[in-house]
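Data block for entry-v7.pdb (PDB, C-alpha atoms and all ligand atoms):
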ATOM      1  CA  MET A  28      88.188 130.820  89.819  1.00  0.00           C
ATOM      2  CA  ASN A  29      90.047 133.245  92.017  1.00  0.00           C
ATOM      3  CA  LEU A  30      93.734 132.292  91.999  1.00  0.00           C
ATOM      4  CA  PHE A  31      93.845 133.082  95.707  1.00  0.00           C
ATOM      5  CA  ASP A  32      91.615 130.018  96.276  1.00  0.00           C
ATOM      6  CA  LEU A  33      94.524 127.761  95.219  1.00  0.00           C
ATOM      7  CA  ARG A  34      96.388 126.255  98.177  1.00  0.00           C
ATOM      8  CA  ILE A  35      99.870 124.722  98.066  1.00  0.00           C
ATOM      9  CA  GLY A  36     101.412 122.508 100.753  1.00  0.00           C
ATOM     10  CA  LEU A  37     104.871 121.072 101.374  1.00  0.00           C
ATOM     11  CA  GLY A  38     105.689 117.924 103.346  1.00  0.00           C
ATOM     12  CA  PHE A  39     108.935 116.232 104.374  1.00  0.00           C
ATOM     13  CA  ASP A  40     109.647 112.983 106.195  1.00  0.00           C
ATOM     14  CA  LEU A  41     112.664 110.888 107.036  1.00  0.00           C
ATOM     15  CA  HIS A  42     112.784 107.312 108.330  1.00  0.00           C
ATOM     16  CA  ARG A  43     115.575 104.943 109.205  1.00  0.00           C
ATOM     17  CA  LEU A  44     115.644 101.722 107.156  1.00  0.00           C
ATOM     18  CA  GLU A  45     115.974  98.674 109.419  1.00  0.00           C
ATOM     19  CA  PRO A  46     116.357  94.964 108.727  1.00  0.00           C
ATOM     20  CA  GLY A  47     113.257  92.892 109.323  1.00  0.00           C
ATOM     21  CA  ARG A  48     110.836  95.777 108.673  1.00  0.00           C
ATOM     22  CA  LYS A  49     108.397  95.463 105.785  1.00  0.00           C
ATOM     23  CA  CYS A  50     109.398  97.938 103.083  1.00  0.00           C
ATOM     24  CA  ILE A  51     106.205  99.928 102.469  1.00  0.00           C
ATOM     25  CA  LEU A  52     106.454 103.204 100.530  1.00  0.00           C
ATOM     26  CA  ALA A  53     103.573 105.103  98.898  1.00  0.00           C
ATOM     27  CA  GLY A  54     101.264 102.295 100.019  1.00  0.00           C
ATOM     28  CA  VAL A  55     103.187  99.699  97.987  1.00  0.00           C
ATOM     29  CA  THR A  56     105.186  96.833  99.526  1.00  0.00           C
ATOM     30  CA  LEU A  57     108.637  96.648  97.921  1.00  0.00           C
ATOM     31  CA  PRO A  58     110.841  93.537  97.871  1.00  0.00           C
ATOM     32  CA  HIS A  59     113.762  94.787  99.970  1.00  0.00           C
ATOM     33  CA  PRO A  60     115.595  93.392 103.032  1.00  0.00           C
ATOM     34  CA  THR A  61     115.182  96.626 105.048  1.00  0.00           C
ATOM     35  CA  GLY A  62     112.141  98.801 105.600  1.00  0.00           C
ATOM     36  CA  PRO A  63     111.266 102.148 107.193  1.00  0.00           C
ATOM     37  CA  ALA A  64     111.226 101.938 110.987  1.00  0.00           C
ATOM     38  CA  GLY A  65     108.395 103.677 112.794  1.00  0.00           C
ATOM     39  CA  HIS A  66     105.487 103.377 115.137  1.00  0.00           C
ATOM     40  CA  SER A  67     103.019 102.972 112.260  1.00  0.00           C
ATOM     41  CA  ASP A  68     103.978 101.038 109.116  1.00  0.00           C
ATOM     42  CA  GLY A  69     106.684 103.719 108.618  1.00  0.00           C
ATOM     43  CA  ASP A  70     105.500 104.767 105.155  1.00  0.00           C
ATOM     44  CA  ALA A  71     107.514 107.992 104.803  1.00  0.00           C
ATOM     45  CA  VAL A  72     105.844 108.873 101.483  1.00  0.00           C
ATOM     46  CA  LEU A  73     102.345 108.813 102.944  1.00  0.00           C
ATOM     47  CA  HIS A  74     103.524 110.720 106.022  1.00  0.00           C
ATOM     48  CA  ALA A  75     105.083 113.496 103.915  1.00  0.00           C
ATOM     49  CA  LEU A  76     101.954 113.521 101.748  1.00  0.00           C
ATOM     50  CA  CYS A  77      99.791 113.994 104.858  1.00  0.00           C
ATOM     51  CA  ASP A  78     101.899 116.973 105.898  1.00  0.00           C
ATOM     52  CA  ALA A  79     101.655 118.474 102.410  1.00  0.00           C
ATOM     53  CA  LEU A  80      97.847 118.136 102.584  1.00  0.00           C
ATOM     54  CA  ALA A  81      97.886 119.583 106.097  1.00  0.00           C
ATOM     55  CA  GLY A  82      99.991 122.505 104.936  1.00  0.00           C
ATOM     56  CA  ALA A  83      97.719 123.253 102.011  1.00  0.00           C
ATOM     57  CA  ALA A  84      94.467 122.909 103.974  1.00  0.00           C
ATOM     58  CA  ASP A  85      95.792 124.609 107.128  1.00  0.00           C
ATOM     59  CA  LEU A  86      95.398 121.499 109.301  1.00  0.00           C
ATOM     60  CA  ASP A  87      97.541 120.259 112.180  1.00  0.00           C
ATOM     61  CA  ASP A  88     100.503 118.145 111.052  1.00  0.00           C
ATOM     62  CA  ILE A  89     100.499 114.357 111.116  1.00  0.00           C
ATOM     63  CA  GLY A  90     102.479 114.142 114.360  1.00  0.00           C
ATOM     64  CA  THR A  91      99.876 116.264 116.158  1.00  0.00           C
ATOM     65  CA  LEU A  92      96.809 114.582 114.650  1.00  0.00           C
ATOM     66  CA  PHE A  93      98.108 111.013 115.003  1.00  0.00           C
ATOM     67  CA  PRO A  94     100.683 110.989 117.841  1.00  0.00           C
ATOM     68  CA  ASP A  95     103.256 108.195 117.586  1.00  0.00           C
ATOM     69  CA  ASP A  96     102.988 107.487 121.317  1.00  0.00           C
ATOM     70  CA  ASP A  97      99.338 106.498 120.849  1.00  0.00           C
ATOM     71  CA  ALA A  98      99.105 102.689 120.950  1.00  0.00           C
ATOM     72  CA  VAL A  99      96.200 102.872 118.488  1.00  0.00           C
ATOM     73  CA  HIS A 100      98.653 103.776 115.721  1.00  0.00           C
ATOM     74  CA  ARG A 101     101.139 100.931 116.316  1.00  0.00           C
ATOM     75  CA  GLY A 102     101.815  99.137 113.040  1.00  0.00           C
ATOM     76  CA  GLN A 103      98.993 101.121 111.431  1.00  0.00           C
ATOM     77  CA  ASP A 104      98.468 101.265 107.684  1.00  0.00           C
ATOM     78  CA  SER A 105      99.407 104.895 106.955  1.00  0.00           C
ATOM     79  CA  ALA A 106      96.814 104.981 104.167  1.00  0.00           C
ATOM     80  CA  GLU A 107      94.320 105.572 106.942  1.00  0.00           C
ATOM     81  CA  PHE A 108      96.133 108.800 107.906  1.00  0.00           C
ATOM     82  CA  VAL A 109      95.846 110.005 104.302  1.00  0.00           C
ATOM     83  CA  GLN A 110      92.153 109.045 104.149  1.00  0.00           C
ATOM     84  CA  ARG A 111      91.469 111.024 107.314  1.00  0.00           C
ATOM     85  CA  MET A 112      93.378 114.052 105.991  1.00  0.00           C
ATOM     86  CA  MET A 113      91.492 113.819 102.688  1.00  0.00           C
ATOM     87  CA  ALA A 114      88.151 113.706 104.543  1.00  0.00           C
ATOM     88  CA  GLU A 115      89.087 117.045 106.140  1.00  0.00           C
ATOM     89  CA  VAL A 116      90.310 118.475 102.801  1.00  0.00           C
ATOM     90  CA  ARG A 117      86.960 117.568 101.195  1.00  0.00           C
ATOM     91  CA  ARG A 118      85.027 118.935 104.182  1.00  0.00           C
ATOM     92  CA  GLN A 119      86.683 122.291 103.415  1.00  0.00           C
ATOM     93  CA  GLY A 120      85.394 122.064  99.840  1.00  0.00           C
ATOM     94  CA  LEU A 121      88.861 121.435  98.426  1.00  0.00           C
ATOM     95  CA  ALA A 122      90.195 118.834  95.965  1.00  0.00           C
ATOM     96  CA  VAL A 123      93.691 117.782  94.913  1.00  0.00           C
ATOM     97  CA  VAL A 124      94.928 119.295  91.645  1.00  0.00           C
ATOM     98  CA  ASN A 125      98.252 117.426  91.568  1.00  0.00           C
ATOM     99  CA  THR A 126     101.105 116.237  93.734  1.00  0.00           C
ATOM    100  CA  ASP A 127     104.805 115.861  93.031  1.00  0.00           C
ATOM    101  CA  ILE A 128     107.039 113.598  95.120  1.00  0.00           C
ATOM    102  CA  VAL A 129     110.773 113.001  95.474  1.00  0.00           C
ATOM    103  CA  ILE A 130     111.921 109.829  97.267  1.00  0.00           C
ATOM    104  CA  ALA A 131     115.621 110.048  98.151  1.00  0.00           C
ATOM    105  CA  THR A 132     117.147 106.729  99.154  1.00  0.00           C
ATOM    106  CA  GLU A 133     119.794 104.230  98.251  1.00  0.00           C
ATOM    107  CA  GLY A 134     117.760 101.468  99.846  1.00  0.00           C
ATOM    108  CA  PRO A 135     114.973 100.073  97.671  1.00  0.00           C
ATOM    109  CA  ARG A 136     114.853 100.929  93.968  1.00  0.00           C
ATOM    110  CA  ILE A 137     111.902 103.198  93.243  1.00  0.00           C
ATOM    111  CA  ALA A 138     111.702 103.183  89.434  1.00  0.00           C
ATOM    112  CA  PRO A 139     110.266  99.657  89.009  1.00  0.00           C
ATOM    113  CA  HIS A 140     107.422 100.538  91.402  1.00  0.00           C
ATOM    114  CA  ARG A 141     106.570 104.046  90.204  1.00  0.00           C
ATOM    115  CA  ALA A 142     103.471 103.000  88.287  1.00  0.00           C
ATOM    116  CA  ALA A 143     102.033 101.028  91.216  1.00  0.00           C
ATOM    117  CA  MET A 144     102.795 103.899  93.615  1.00  0.00           C
ATOM    118  CA  ARG A 145     101.159 106.484  91.345  1.00  0.00           C
ATOM    119  CA  ALA A 146      98.051 104.321  90.983  1.00  0.00           C
ATOM    120  CA  ARG A 147      97.745 103.791  94.737  1.00  0.00           C
ATOM    121  CA  LEU A 148      98.228 107.489  95.565  1.00  0.00           C
ATOM    122  CA  GLY A 149      95.744 108.444  92.855  1.00  0.00           C
ATOM    123  CA  GLU A 150      93.201 106.194  94.565  1.00  0.00           C
ATOM    124  CA  LEU A 151      93.868 107.714  97.971  1.00  0.00           C
ATOM    125  CA  LEU A 152      93.704 111.313  96.691  1.00  0.00           C
ATOM    126  CA  GLY A 153      90.769 110.840  94.324  1.00  0.00           C
ATOM    127  CA  VAL A 154      92.724 111.865  91.209  1.00  0.00           C
ATOM    128  CA  ASP A 155      94.044 110.169  88.079  1.00  0.00           C
ATOM    129  CA  ALA A 156      97.533 108.679  88.388  1.00  0.00           C
ATOM    130  CA  SER A 157      98.707 111.245  85.813  1.00  0.00           C
ATOM    131  CA  ARG A 158      98.328 113.878  88.559  1.00  0.00           C
ATOM    132  CA  VAL A 159     100.718 112.047  90.883  1.00  0.00           C
ATOM    133  CA  ASN A 160     104.370 112.296  89.899  1.00  0.00           C
ATOM    134  CA  ILE A 161     107.036 110.309  91.741  1.00  0.00           C
ATOM    135  CA  LYS A 162     110.785 110.492  91.272  1.00  0.00           C
ATOM    136  CA  GLY A 163     113.413 108.301  92.887  1.00  0.00           C
ATOM    137  CA  LYS A 164     116.658 110.112  93.689  1.00  0.00           C
ATOM    138  CA  SER A 165     120.030 108.669  94.651  1.00  0.00           C
ATOM    139  CA  LEU A 166     122.290 110.351  97.187  1.00  0.00           C
ATOM    140  CA  GLU A 167     125.542 110.419  95.198  1.00  0.00           C
ATOM    141  CA  GLY A 168     127.406 108.551  97.919  1.00  0.00           C
ATOM    142  CA  LEU A 169     126.982 111.331 100.488  1.00  0.00           C
ATOM    143  CA  GLY A 170     126.181 110.616 104.126  1.00  0.00           C
ATOM    144  CA  ALA A 171     124.113 108.075 106.031  1.00  0.00           C
ATOM    145  CA  LEU A 172     121.220 108.138 103.569  1.00  0.00           C
ATOM    146  CA  ALA A 173     123.639 107.155 100.821  1.00  0.00           C
ATOM    147  CA  ASP A 174     124.706 104.094 102.837  1.00  0.00           C
ATOM    148  CA  GLY A 175     121.152 102.837 102.461  1.00  0.00           C
ATOM    149  CA  ALA A 176     120.416 103.692 106.107  1.00  0.00           C
ATOM    150  CA  GLY A 177     117.304 105.738 105.451  1.00  0.00           C
ATOM    151  CA  VAL A 178     114.677 107.172 103.175  1.00  0.00           C
ATOM    152  CA  ALA A 179     113.839 110.895 102.887  1.00  0.00           C
ATOM    153  CA  VAL A 180     110.757 112.176 101.087  1.00  0.00           C
ATOM    154  CA  GLN A 181     109.614 115.572  99.865  1.00  0.00           C
ATOM    155  CA  VAL A 182     106.052 116.160  98.705  1.00  0.00           C
ATOM    156  CA  VAL A 183     104.395 119.217  97.260  1.00  0.00           C
ATOM    157  CA  CYS A 184     100.645 119.215  96.734  1.00  0.00           C
ATOM    158  CA  LEU A 185      98.239 121.716  95.171  1.00  0.00           C
ATOM    159  CA  LEU A 186      94.583 122.018  96.222  1.00  0.00           C
ATOM    160  CA  ALA A 187      91.747 123.918  94.538  1.00  0.00           C
ATOM    161  CA  PRO A 188      88.049 124.431  95.295  1.00  0.00           C
ATOM    162  CA  GLN A 189      86.030 121.348  94.310  1.00  0.00           C
ATOM    163  CA  ALA A 190      83.899 123.481  92.012  1.00  0.00           C
ATOM    164  CA  CYS A 191      86.950 123.846  89.778  1.00  0.00           C
ATOM    165  CA  ALA A 192      87.796 120.133  89.682  1.00  0.00           C
TER
HETATM  166 ZN    ZN B 201     106.979 109.292 109.189  1.00  0.00          ZN
END

Once more with this new file: its structure as structure tokens, please.
Ligand SMILES: [Zn+2]
Amino acid sequence: MNLFDLRIGLGFDLHRLEPGRKCILAGVTLPHPTGPAGHSDGDAVLHALCDALAGAADLDDIGTLFPDDDAVHRGQDSAEFVQRMMAEVRRQGLAVVNTDIVIATEGPRIAPHRAAMRARLGELLGVDASRVNIKGKSLEGLGALADGAGVAVQVVCLLAPQACA
């Protein structure tokens, strides 16, 4: 394999946590009194993952491909965004090597749900859960995020030609 065929992408997303919203992150519903606000289901992990895939595969970002003023996407399961991105990734002959994710929030606790999140993302990306790492990160009492008012997510994702997978 030519190392120049490897493609890396970076994604970031930030959502407000609001009472009465279902708390869905990385495709897993967490038991928590607030959840990410948004036009779709608000899943900030899947949104940042989509942008990491878009960055790696040189696609338009999630906001351009799936505009949040389009009524079609109201309340939508964000897994569908990832599936559509992955269809394009595969069409380009690429496959996911691994992804690494940081979820920064003082809202829901991430650690008890890591295994379920890794399994779900592995399914969506077509890789073993061991290639999906997820870390929860607290905010050390700094700012609005630390008051439990939001969730911020960073995702990095590496793609390689399918022939190498
Ligand atoms: Zn989002």

Which residues of range 48-87 of chain A sit at most 10 Å from range 114-117 of chain A, using all atoms listed in the file? Give each one's shortest atom pair and distance in Å (one decimal place), in chain and ascending residue order, as a Markdown table.
| residue | atom | partner | partner_atom | distance |
| --- | --- | --- | --- | --- |
| A:Leu80 | CA | A:Val116 | CA | 7.5 |
| A:Ala81 | CA | A:Val116 | CA | 8.3 |
| A:Ala83 | CA | A:Val116 | CA | 8.9 |
| A:Ala84 | CA | A:Val116 | CA | 6.2 |
| A:Asp85 | CA | A:Val116 | CA | 9.3 |
| A:Leu86 | CA | A:Glu115 | CA | 8.3 |

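Distance check against ligand ZN 201 (chain B) using only C-alpha atoms and all ligand atoms: of A:Glu167, A:Asp68, A:Asp40, A:Asp95, the minimum falls on A:Asp40.
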
Next on the checklist: Please expand the PyMOL selection byres (((not hetatm)) within 12 of (chain B and resi 201)) into the concrete residues it hits in this file, giving the result as a ChimeraX atom specification.
Outcome noted: /A:38-44,51-53,63-78,88-90,93-95,100,103-105,108,177-181

Next on the checklist: At a cut-off of 12 Å, using all atoms listed in the file, what residues contact Leu30 in chain A? Leave out same-chain residues fewer than 4 positions from it and give the result as a list of chain:residue names.
Outcome noted: A:Arg34, A:Ile35, A:Leu185, A:Leu186, A:Ala187, A:Pro188, A:Cys191

Checklist entry - So which residues touch Pro135 in chain A within 8 Å, counting only C-alpha atoms, skipping near sequence neighbours fewer than 6 positions away, as an MDAnalysis selection string? => result chainID A and resid 57:59

Item to check | Test item: residues at most 8 Å from range 149-153 of chain A, all atoms listed in the file, excluding those fewer than 6 positions along its chain, as a list in words | outcome: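 Contacts, with the query itself left out: Ala106, Val109, Gln110, Met113, Val123 and Val159 of chain A.
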
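Shortest separation to Glu45 in chain A among A:Asn160, A:Thr132, A:Ser165, A:Thr61 occurs at residue A:Thr61, atoms counted being only C-alpha atoms.
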
Checklist entry - Applied to this file, what does the PyMOL selection byres (((chain A and resi 138) around 9) and not hetatm) return in terms of residues, put as a PyMOL selection string? => result chain A and resi 136-137+139-142+161-163

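Across the structure, CA of Gly82 in chain A and CA of Arg48 in chain A are spaced 29.1 Å apart.
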
Checklist entry - If you measure from CA of Asp32 in chain A to CA of Gln189 in chain A, what distance in Å do you get, rounded to one decimal? => result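 Interatomic distance, CA of Asp32 in chain A to CA of Gln189 in chain A: 10.5 Å.
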
Checklist entry - How would you write, as a VMD selection string, the residues chosen by the PyMOL selection byres (((chain A and resi 184) around 6) and not hetatm) on this structure? => result chain A and resid 35 to 36 79 125 to 126 183 185

Item to check | Shortest interatomic distance to Val154 in chain A - which of A:Leu166, A:Val124, A:Val99, A:Ala190, counting all atoms listed in the file | outcome: A:Val124

First collect every listed atom of range 98-105 of chain A; then fit an axis-aligned box around them, widen it by 3 Å on each side, and give centre and edge lengths in Å to one decimal, as AutoDock Vina command-line options.
--center_x 99.0 --center_y 102.0 --center_z 114.0 --size_x 11.6 --size_y 11.8 --size_z 20.0

Next on the checklist: Could you tell me how far CA of Met28 in chain A sits from CA of Gln119 in chain A, in Å to one decimal place?
Outcome noted: 16.1 Å

Checklist entry - Of the candidates A:Leu37, A:Gly168, A:Arg147, A:Gly62, which shows the shortest atom-to-atom distance to Lys49 in chain A, using all atoms listed in the file? => result A:Gly62
